[in-house]
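With compact mmCIF, C-alpha atoms inside, this is input26.txt:
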# COMPACT_ATOMS: atom_id res chain seq x y z
CA THR O 1 13.90 91.65 56.69
CA GLY O 2 11.24 90.22 54.40
CA GLY O 3 11.26 86.79 52.77
CA SER O 4 9.02 84.94 50.36
CA GLU O 5 6.29 84.57 52.99
CA ILE O 6 5.41 85.55 56.54
CA TRP O 7 6.33 82.72 58.91
CA VAL O 8 5.20 82.94 62.54
CA PRO O 9 6.28 80.43 65.24
CA LEU O 10 3.55 79.44 67.70
CA ALA O 11 3.66 77.69 71.08
CA PRO O 12 0.30 75.95 71.70
CA ARG O 13 1.74 73.38 74.11
CA THR O 14 3.39 73.74 77.50
CA ASN O 15 6.91 72.66 78.46
CA SER O 16 6.53 69.36 80.32
CA THR O 17 9.91 69.76 82.11
CA VAL O 18 8.63 72.65 84.22
CA GLY O 19 7.69 71.56 87.73
CA TRP O 20 8.37 71.89 91.45
CA MET O 21 11.26 70.01 93.05
CA THR O 22 13.34 69.68 96.18
CA PRO O 23 16.81 71.27 96.47
CA GLN O 24 18.28 67.85 95.65
CA GLY O 25 15.83 67.24 92.80
CA THR O 26 16.83 66.60 89.21
CA ILE O 27 15.74 68.91 86.44
CA ASP O 28 13.99 67.12 83.61
CA THR O 29 15.92 67.68 80.37
CA ALA O 30 13.57 65.87 78.00
CA ILE O 31 13.59 67.33 74.50
CA GLN O 32 10.52 69.43 73.88
CA ASP O 33 8.65 70.06 70.65
CA PRO O 34 6.28 72.86 71.61
CA ILE O 35 6.40 74.83 68.39
CA GLU O 36 3.94 74.97 65.52
CA ALA O 37 4.17 77.51 62.72
CA GLY O 38 1.73 79.46 60.63
CA SER O 39 2.60 81.00 57.28
CA TRP O 40 0.98 83.70 55.18
CA ASP O 41 1.61 85.00 51.67
CA TRP O 42 2.39 88.68 51.33
CA ARG O 43 -0.49 90.91 50.25
CA ILE O 44 0.14 94.14 48.36
CA LEU O 45 -2.02 97.26 48.65
CA GLY O 46 -1.16 99.83 46.01
CA GLY O 47 -2.51 102.68 43.93
CA SER O 48 -1.47 105.47 41.61
CA ILE O 49 -1.77 109.23 41.31
CA ALA O 50 -2.31 110.24 37.68
CA ILE O 51 -2.36 113.92 36.69
CA LEU O 52 -3.09 115.29 33.23
CA LYS O 53 -0.19 117.29 31.81
CA GLN O 54 -2.70 119.99 30.91
CA GLU O 55 -3.73 120.31 34.56
CA PHE O 56 -0.09 120.40 35.59
CA ASP O 57 0.71 123.12 33.07
CA LEU O 58 -2.31 125.24 33.97
CA ASN O 59 -1.13 125.39 37.58
CA SER O 60 2.61 125.70 36.92
CA ASP O 61 2.54 129.51 37.11
CA SER O 62 1.90 129.28 40.84
CA PRO O 63 4.21 126.96 42.83
CA HIS O 64 1.92 127.15 45.86
CA ARG O 65 -1.16 126.19 43.84
CA LEU O 66 0.75 123.31 42.26
CA ILE O 67 1.91 122.08 45.68
CA ASN O 68 -1.66 122.28 47.00
CA LEU O 69 -2.90 120.33 43.98
CA MET O 70 -0.32 117.57 44.49
CA ASP O 71 -1.04 117.50 48.21
CA ALA O 72 -4.78 117.05 47.53
CA TYR O 73 -4.10 114.11 45.20
CA LYS O 74 -1.72 112.59 47.78
CA LYS O 75 -4.24 112.90 50.63
CA GLN O 76 -6.96 111.37 48.42
CA ALA O 77 -4.75 108.35 47.67
CA GLU O 78 -3.74 107.91 51.31
CA GLY O 79 -7.35 108.13 52.49
CA SER O 80 -8.44 105.59 49.87
CA MET O 81 -5.71 103.19 50.99
CA ARG O 82 -6.73 103.50 54.64
CA GLU O 83 -10.35 102.83 53.70
CA SER O 84 -9.35 99.81 51.59
CA LEU O 85 -7.30 98.39 54.46
CA VAL O 86 -10.11 98.80 57.00
CA THR O 87 -12.66 97.29 54.59
CA ALA O 88 -10.39 94.32 53.91
CA LEU O 89 -9.81 93.71 57.62
CA TRP O 90 -13.59 93.38 58.15
CA ALA O 91 -14.43 91.41 54.99
CA ALA O 92 -16.71 88.41 55.53
CA VAL O 93 -15.16 86.73 52.47
CA PRO O 94 -11.74 88.23 51.64
CA GLY O 95 -10.82 88.49 47.98
CA ALA O 96 -8.09 86.33 46.47
CA ASN O 97 -5.50 89.10 46.93
CA ASP O 98 -6.77 90.35 50.29
CA PRO O 99 -5.30 89.67 53.76
CA ASP O 100 -7.10 87.55 56.35
CA SER O 101 -9.83 89.60 57.99
CA VAL O 102 -10.91 89.83 61.61
CA VAL O 103 -14.04 87.88 60.64
CA THR O 104 -12.14 84.97 59.09
CA MET O 105 -9.51 84.91 61.85
CA VAL O 106 -12.19 84.54 64.50
CA ASP O 107 -13.91 81.77 62.51
CA ASN O 108 -13.54 78.78 64.82
CA THR O 109 -13.30 76.09 62.12
CA GLY O 110 -11.50 77.65 59.13
CA THR O 111 -7.89 77.49 57.99
CA ILE O 112 -5.78 80.50 58.95
CA GLY O 113 -2.07 80.70 58.27
CA THR O 114 -2.03 77.16 56.82
CA ILE O 115 -3.32 75.76 60.15
CA ASN O 116 -6.73 74.09 60.09
CA GLY O 117 -8.85 75.10 63.06
CA GLY O 118 -11.22 72.22 62.27
CA THR O 119 -8.60 69.67 63.36
CA GLU O 120 -6.25 71.78 65.51
CA THR O 121 -8.61 72.74 68.33
CA TRP O 122 -6.02 74.95 70.09
CA TRP O 123 -6.07 77.22 67.02
CA ARG O 124 -9.79 77.95 67.27
CA SER O 125 -11.36 81.10 68.57
CA SER O 126 -14.25 80.94 70.99
CA VAL O 127 -17.56 81.82 69.28
CA HIS O 128 -20.73 82.42 71.32
CA ASN O 129 -24.28 83.28 70.35
CA ARG O 130 -26.23 85.40 72.81
CA ALA O 131 -29.54 87.28 72.79
CA GLY O 132 -31.89 89.01 75.21
CA SER O 133 -31.85 91.77 77.77
CA ASP O 134 -29.08 90.11 79.82
CA ALA O 135 -26.49 90.74 77.10
CA ALA O 136 -24.20 92.66 79.46
CA LEU O 137 -24.19 89.73 81.89
CA SER O 138 -23.49 87.38 78.97
CA LEU O 139 -20.41 89.44 78.11
CA ASP O 140 -19.10 88.92 81.64
CA ASN O 141 -19.66 85.17 81.32
CA ILE O 142 -18.01 85.02 77.89
CA TYR O 143 -14.97 86.90 79.19
CA ILE O 144 -14.57 84.38 82.02
CA GLN O 145 -14.75 81.51 79.50
CA ILE O 146 -12.18 82.90 77.05
CA ILE O 147 -9.56 84.21 79.45
CA ALA O 148 -6.50 81.94 79.63
CA SER O 149 -4.72 82.29 82.97
CA THR O 150 -3.23 85.81 82.95
CA ASP O 151 -3.55 86.09 79.17
CA GLY O 152 -6.88 87.51 78.09
CA PRO O 153 -8.58 89.93 75.70
CA ASP O 154 -7.66 93.61 75.77
CA ILE O 155 -10.14 95.14 73.31
CA ALA O 156 -13.65 94.52 71.99
CA LEU O 157 -14.98 95.85 68.67
CA THR O 158 -18.67 96.14 67.91
CA THR O 159 -21.21 98.08 65.89
CA ASP O 160 -22.53 101.57 66.65
CA ALA O 161 -25.94 100.05 67.43
CA LEU O 162 -24.65 97.50 69.95
CA TYR O 163 -22.31 100.06 71.50
CA GLY O 164 -25.33 102.30 72.13
CA LYS O 165 -27.29 99.42 73.65
CA LEU O 166 -24.37 98.57 75.93
CA MET O 167 -24.29 102.19 77.08
CA ASN O 168 -27.98 101.97 77.95
CA LEU O 169 -27.61 98.64 79.76
CA LEU O 170 -24.85 99.88 82.03
CA ASP O 171 -25.68 102.18 84.90
CA ALA O 172 -23.89 105.52 84.72
CA ASN O 173 -21.86 104.51 87.79
CA GLN O 174 -20.68 101.35 85.98
CA ARG O 175 -19.27 103.16 82.94
CA PHE O 176 -15.50 103.35 82.83
CA GLU O 177 -13.17 104.36 80.03
CA ASP O 178 -9.73 103.18 78.95
CA SER O 179 -7.61 106.34 79.13
CA LYS O 180 -5.06 105.25 76.49
CA LEU O 181 -7.74 104.65 73.86
CA ALA O 182 -9.57 107.81 74.87
CA ASP O 183 -6.38 109.86 74.49
CA SER O 184 -6.03 108.40 70.96
CA GLY O 185 -9.51 109.62 70.07
CA PHE O 186 -11.44 106.37 70.56
CA LYS O 187 -14.51 106.64 72.76
CA ASN O 188 -14.94 103.42 74.71
CA ILE O 189 -16.70 101.67 77.58
CA SER O 190 -14.84 99.24 79.80
CA VAL O 191 -16.50 95.92 80.74
CA MET O 192 -14.47 93.77 83.16
CA GLY O 193 -11.41 95.82 82.23
CA VAL O 194 -11.86 95.33 78.47
CA PRO O 195 -12.52 98.52 76.47
CA PHE O 196 -15.41 98.26 73.98
CA VAL O 197 -15.04 100.43 70.87
CA ALA O 198 -17.57 101.07 68.10
CA ASP O 199 -16.36 100.40 64.55
CA LYS O 200 -18.58 101.34 61.61
CA GLN O 201 -17.19 98.43 59.58
CA ALA O 202 -17.99 95.77 62.20
CA PRO O 203 -20.55 93.17 61.03
CA ALA O 204 -24.11 93.69 62.26
CA LYS O 205 -25.13 92.16 65.60
CA SER O 206 -21.60 91.11 66.50
CA VAL O 207 -18.95 91.75 69.14
CA TYR O 208 -15.32 90.75 68.57
CA ILE O 209 -13.39 90.39 71.82
CA LEU O 210 -9.71 90.21 70.90
CA ASN O 211 -6.27 89.78 72.42
CA THR O 212 -4.04 92.10 70.42
CA ASP O 213 -0.90 90.46 71.86
CA HIS O 214 -1.59 87.67 69.34
CA ILE O 215 -2.70 89.72 66.34
CA TYR O 216 -0.05 91.14 64.05
CA LEU O 217 0.00 93.27 60.92
CA TYR O 218 3.38 92.82 59.24
CA TYR O 219 4.88 94.99 56.55
CA HIS O 220 7.79 94.32 54.23
CA PRO O 221 10.62 96.82 54.92
CA ASP O 222 11.10 97.42 51.19
CA TRP O 223 7.38 97.87 50.54
CA ASN O 224 6.31 100.10 53.41
CA PHE O 225 4.36 102.65 51.34
CA SER O 226 7.24 102.91 48.89
CA ILE O 227 6.83 105.37 46.01
CA SER O 228 7.92 104.48 42.50
CA GLN O 229 9.42 106.91 40.04
CA GLU O 230 7.23 109.21 37.99
CA VAL O 231 6.35 107.83 34.55
CA GLU O 232 4.46 109.26 31.61
CA VAL O 233 1.19 107.57 30.70
CA PRO O 234 1.01 106.72 26.99
CA ASN O 235 -1.81 108.21 24.87
CA GLN O 236 -2.72 110.83 27.48
CA PHE O 237 -2.09 114.58 27.66

So that I can check it, write out the structure of this file as structure tokens.
Amino acid sequence: TGGSEIWVPLAPRTNSTVGWMTPQGTIDTAIQDPIEAGSWDWRILGGSIAILKQEFDLNSDSPHRLINLMDAYKKQAEGSMRESLVTALWAAVPGANDPDSVVTMVDNTGTIGTINGGTETWWRSSVHNRAGSDAALSLDNIYIQIIASTDGPDIALTTDALYGKLMNLLDANQRFEDSKLADSGFKNISVMGVPFVADKQAPAKSVYILNTDHIYLYYHPDWNFSISQEVEVPNQF
């Protein structure tokens, strides 16, 4: 329902009362404090559609032409907002009014959501540097290192160049595709069950292996692409 900030409860620790016991055993009822919390300020992405009155009047004789004109302006604004969102989500250094990006969230020492990954080791991502012709094997090893029990990554984002190299490294018989992503229009290659997708905005020479169960993009219910009333712009025709 909104609020002054986005507050997200986290559970980095396990419940120490959980354990095996005999039928006559006693359940541990010790009070637990497993919860941490991260908080984020709201970020606002907005824009305007300004039309000269002259342009409006010149097209007013044809309702269809006027509707097409307004539709073109609307599509331009929507496309620009999508592009701005994608650019912000891949920014190496987000602006003061921008949201946290994939790059900064995966930073293994920075502060994200008011939690310092430099001191809170459980909050860090796993960052690996790899090079050489055995890159595909390295991906397998990295996946094994970052998987946590049954909770592991479900998507990997990389550049067009690295996606092409991965295609070349894998034998044709080793190439599998995630059907859900493919049905949504995203070409992908599956490595150890994780679909790899090329993203033109991804930083050069990088692969981001993510668990989307722990990545959220919140929106305020009163600001979900809301449209303000039409206003006249002073000093313009």

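For the pair CA of Glu232 (chain O) and CA of Asp98 (chain O), the separation is 28.9 Å.
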
> If you count only C-alpha atoms, which residues fall within 12 Å of region 18-23 of chain O, apart from same-chain ones fewer than 6 positions away, as a list in words?
Replying inline: Thr29, Ala30 and Gln32 of chain O

>> Which residue is closest to Pro153 (chain O)? Choose from O:Ile112, O:Ile209, O:Met192, O:Val127 and count all atoms listed in the file.
In response: O:Ile209

> Which of these, O:Thr119, O:Ile35, O:Leu166, O:Trp40, has the shortest distance to Tyr218 (chain O) once you count all atoms listed in the file?
Replying inline: O:Trp40

>> Using Å and a single decimal, report how far CA of Glu230 (chain O) sits from CA of Ile49 (chain O).
In response: 9.6 Å
